[in-house]
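Novice: Below: one structure in structure tokens.
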Amino acid sequence: MNAREPTVNPPLLEAIQLEVNIGGHRICRNLDWRVDAGESWAILGRNGAGKSTLLATTAGLRSQHSGRLSVAGLALPHASAGAAARAMARVRGYLSQHQIDPFASTVMESVLVGRHPHLGRWDWESADDRRIAGAALTEVDLGGFAEREVQTLSGGERQRLAVAQLLAQEPLLYLLDEPLTHLDLSHQVAVMELFARRAAAGAAIVAVLHDPGFAARYCRQALLLFGDGECLAGAADEVITATNLTRLYGHPLRELRADGDRWFVPC
Amino acid sequence: MPTRRRALVILALLVLLAAASLLAALMTGSFAVAPGAVLRALSGGADGVGTDVVLNLRLPRALAAFACGGLLALAGALMQVLLRNPLADPYVLGISGGAAVGALSAMLAGLTLAVMNLAAFAGALAAMLLVFGLAHGDSSWTRSRLLLTGVIVAAGCGAIIALILTIAPDEGLRGMLFWLMGDLGQAISPWPALVVLTLGLIVTLPFARELNLLARGDTLAHALGVSVDPLKHGIYLLASLLTAVAVTTAGSIGFIGLVVPHLVRLAMIKLGWGNDQRLLLPAAALAGGSLLLLADTLSRIVIAPQQLPVGVLTALLGVPVFLFLLGRQPNERP
């Protein structure tokens, strides 16, 4: 990887010789990976390659098999319970692939949930928290939805609500598992631009994506998971190529260029 | 979502409701006592038959009713969050079945009321630990595994109960049936239940916001910094303990633990306050206590001089109320 300016703060995400397994299947081995503030990473790979599993591991939701893993200096899996878990939740946010609503709730109430790590045990959400939540809703184009019942939202609206909840959490490291699920094209662009703005403002993004064109356009770095334990991490320009993608997806792909953007289409 | 001040106003109103229910319970019965006389008796400023009836007969039973209703509603609300199912109740995981096996065995053996209460409590704890151990297994908990284990243990208890009822002598059957239906006439002292209810609220309220997150799924709760497994184990043990104390005090009174939290949640959602356990847990405890207190008062007078087991009344009232609520649930997207 590139040489970097020495930083005082620990990297937002650091994996050293990381090995992650699930169900006897090896997702990555000997992975050295570092995510710093301002970076935006795409994780690409075919179905079942372990993109979500790797992301959940870096979020501290499951344990790695071996190797060192830390988020903003907090070592995992140690920091996945107790007071360290709360500190962790102020630093990294995780957007799950599935949103569930077993109980009825309003949109505003659901967004305010994101403020939990910032509140003390006896605190109630303040006017400030409500302002942050309202701004997050506006940012995902759900401005007038605050009082709507969550269970009446469409799939795309529900997904944007989950994004708003994550924005209200105000983490430094955004771990996004398929953030574009259920979204129409305009909202896909809007959500990617919104996260790109966060990265430009000093946060870091790691997003599991399915469209290599979106990855090339909105992410500056990429991590390819080949599904056999081999990984390739680097600058998006160098890593996201027709040759690599053809191998990654097991299907021939061709690169098209338009106005400086690179798009990849199946041959 | 309510603000803290609004939540306190609602809780204050519910405290008033509880006080009114208590007053009604102390006034009502075969020997009517005027409200003023009840208050004088409570403040210790009067003697006589009325004072005696109020202080020694009605007050302990009324307090036991309130405490059991509160315990069951609080336990039900916790179970609904734990199982992430608005239709869960305190008995779904077999606690009442275990208590019933203990209590009925003691009755069959002809033991005293105090021993019977101990046996009921021991049975409830045994069922709770059995389900906890079996559901835990060698891996971490899953909801479906917990639910299945609980339902199967409950079914096993049901079979043992049926066996005991079959072999029990005729003169013991009536007492057993009253116990199974739930009846406050058998309450010895209200204090254990009241103390446990108070402690239960004190223990859960600091975790109420974390419970809000848990209700939205383990992954979300974990990602937002909640220590999910210890919290889940804690709620399970606490809710089971609350249920065990309620069942030990007054038998398996049905529907309070299911209907009250559900009703409170529905009212909060209607008011646009969502599903906030910081208000819901204490509100359910107060409303459950008041409701069981009123139901018990009714059960004493409805076919006087005979008394109904209060469980019959809560079921008779609970079933139509619940069906009505279910029919009015807002349509969700598929």
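FYI, nothing fancy with the structure tokens labels: chains A, B, ... in order, residues from 1 per chain, ligands from 1 as they appear.
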Considering only C-alpha atoms, extract the chain A residues located within 9 Å of chain B and return them as a ChimeraX atom specification.

Specialist: /A:59-61,80-90,92-96,99-106,108-109,113-117,121-126,147,149,151-154,169

Novice: Go through region 110-140 of chain B and collect every residue that DSSP, computed from the backbone, puts in alpha helix (DSSP H); the answer should be as number ranges by chain.

Specialist: B: 113-136

Novice: Which neighbours of Leu14 (chain B) fall inside 8 Å, counting only C-alpha atoms, when residues of the same chain fewer than 3 positions from it are skipped, and could you give them as a VMD selection string?

Specialist: chain B and resid 10 to 11 17 to 18 283 286 to 287

Novice: Include N, CA and C atoms and write out the residues we just selected as a CSV table (one decimal), in the first residue's frame.

Specialist:
chain,number,residue,atom,x,y,z
B,10,ILE,N,-47.7,11.1,32.7
B,10,ILE,CA,-48.5,9.8,32.5
B,10,ILE,C,-48.4,8.9,33.7
B,11,LEU,N,-47.1,8.7,34.2
B,11,LEU,CA,-47.0,7.8,35.3
B,11,LEU,C,-47.7,8.3,36.6
B,17,LEU,N,-54.6,6.4,39.3
B,17,LEU,CA,-55.5,5.3,38.9
B,17,LEU,C,-55.4,4.1,39.9
B,18,ALA,N,-54.1,3.8,40.2
B,18,ALA,CA,-53.8,2.7,41.2
B,18,ALA,C,-54.4,3.1,42.5
B,283,ALA,N,-45.3,2.0,33.3
B,283,ALA,CA,-46.7,2.2,33.0
B,283,ALA,C,-47.5,0.8,33.0
B,286,LEU,N,-47.9,-0.4,36.6
B,286,LEU,CA,-49.0,0.3,37.3
B,286,LEU,C,-50.4,-0.1,36.7
B,287,ALA,N,-50.5,-0.1,35.4
B,287,ALA,CA,-51.8,-0.5,34.8
B,287,ALA,C,-52.1,-1.9,35.1

Novice: Kindly give the distance, in Å, that separates CA of Leu291 (chain B) and CA of Gly69 (chain B), rounded to a single decimal.

Specialist: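 Taking CA of Leu291 (chain B) as the start and CA of Gly69 (chain B) as the end point, the length is 7.0 Å.
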
Novice: Can you check which residues of region 121-260 of chain A DSSP gives as strand (DSSP E) on the backbone and send them as a ChimeraX atom specification?

Specialist: /A:173-177,204-208,221-225,231-235,253-258

Novice: Rounded to one decimal place, report the CA of Cys68 (chain B)-CA of Ala193 (chain B) distance in Å.

Specialist: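 Atom-to-atom, CA of Cys68 (chain B) to CA of Ala193 (chain B), that is 6.5 Å.
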
Novice: Near Ala168 (chain A), within 8 Å and counting only C-alpha atoms, which residues show up once chain neighbours fewer than 5 positions away are dropped, as a VMD selection string?

Specialist: chain A and resid 111 to 112 114 to 115 132 to 133 136

Novice: Taking N, CA and C atoms for each residue, export the selection above as a PDB file, in the first residue's frame.

Specialist:
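Saved to result-v4.pdb:
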ATOM      1  N   VAL A 111     -34.986   6.895  14.089  1.00  0.00           N
ATOM      2  CA  VAL A 111     -33.735   7.615  13.823  1.00  0.00           C
ATOM      3  C   VAL A 111     -33.027   7.934  15.140  1.00  0.00           C
ATOM      4  N   LEU A 112     -33.810   8.323  16.148  1.00  0.00           N
ATOM      5  CA  LEU A 112     -33.219   8.709  17.436  1.00  0.00           C
ATOM      6  C   LEU A 112     -32.471   7.546  18.089  1.00  0.00           C
ATOM      7  N   GLY A 114     -30.271   5.918  16.838  1.00  0.00           N
ATOM      8  CA  GLY A 114     -28.865   6.101  16.501  1.00  0.00           C
ATOM      9  C   GLY A 114     -28.106   6.951  17.512  1.00  0.00           C
ATOM     10  N   ARG A 115     -28.814   7.737  18.319  1.00  0.00           N
ATOM     11  CA  ARG A 115     -28.153   8.598  19.298  1.00  0.00           C
ATOM     12  C   ARG A 115     -27.769   7.849  20.570  1.00  0.00           C
ATOM     13  N   ILE A 132     -30.387  16.721  15.280  1.00  0.00           N
ATOM     14  CA  ILE A 132     -29.485  15.861  14.502  1.00  0.00           C
ATOM     15  C   ILE A 132     -30.289  14.812  13.732  1.00  0.00           C
ATOM     16  N   ALA A 133     -31.283  14.217  14.406  1.00  0.00           N
ATOM     17  CA  ALA A 133     -32.100  13.181  13.763  1.00  0.00           C
ATOM     18  C   ALA A 133     -32.894  13.777  12.604  1.00  0.00           C
ATOM     19  N   ALA A 136     -30.690  14.320   9.676  1.00  0.00           N
ATOM     20  CA  ALA A 136     -30.376  13.047   9.021  1.00  0.00           C
ATOM     21  C   ALA A 136     -31.520  12.617   8.109  1.00  0.00           C
TER      22      ALA A 136
END

Novice: Excluding region 162-178 of chain B and any residue of its chain fewer than 2 positions from it, enumerate the residues within 12 Å of it, using only C-alpha atoms, and give them as number ranges by chain.

Specialist: B: 97, 100-111, 113, 116, 155-160, 180-186, 250-253, 307-312
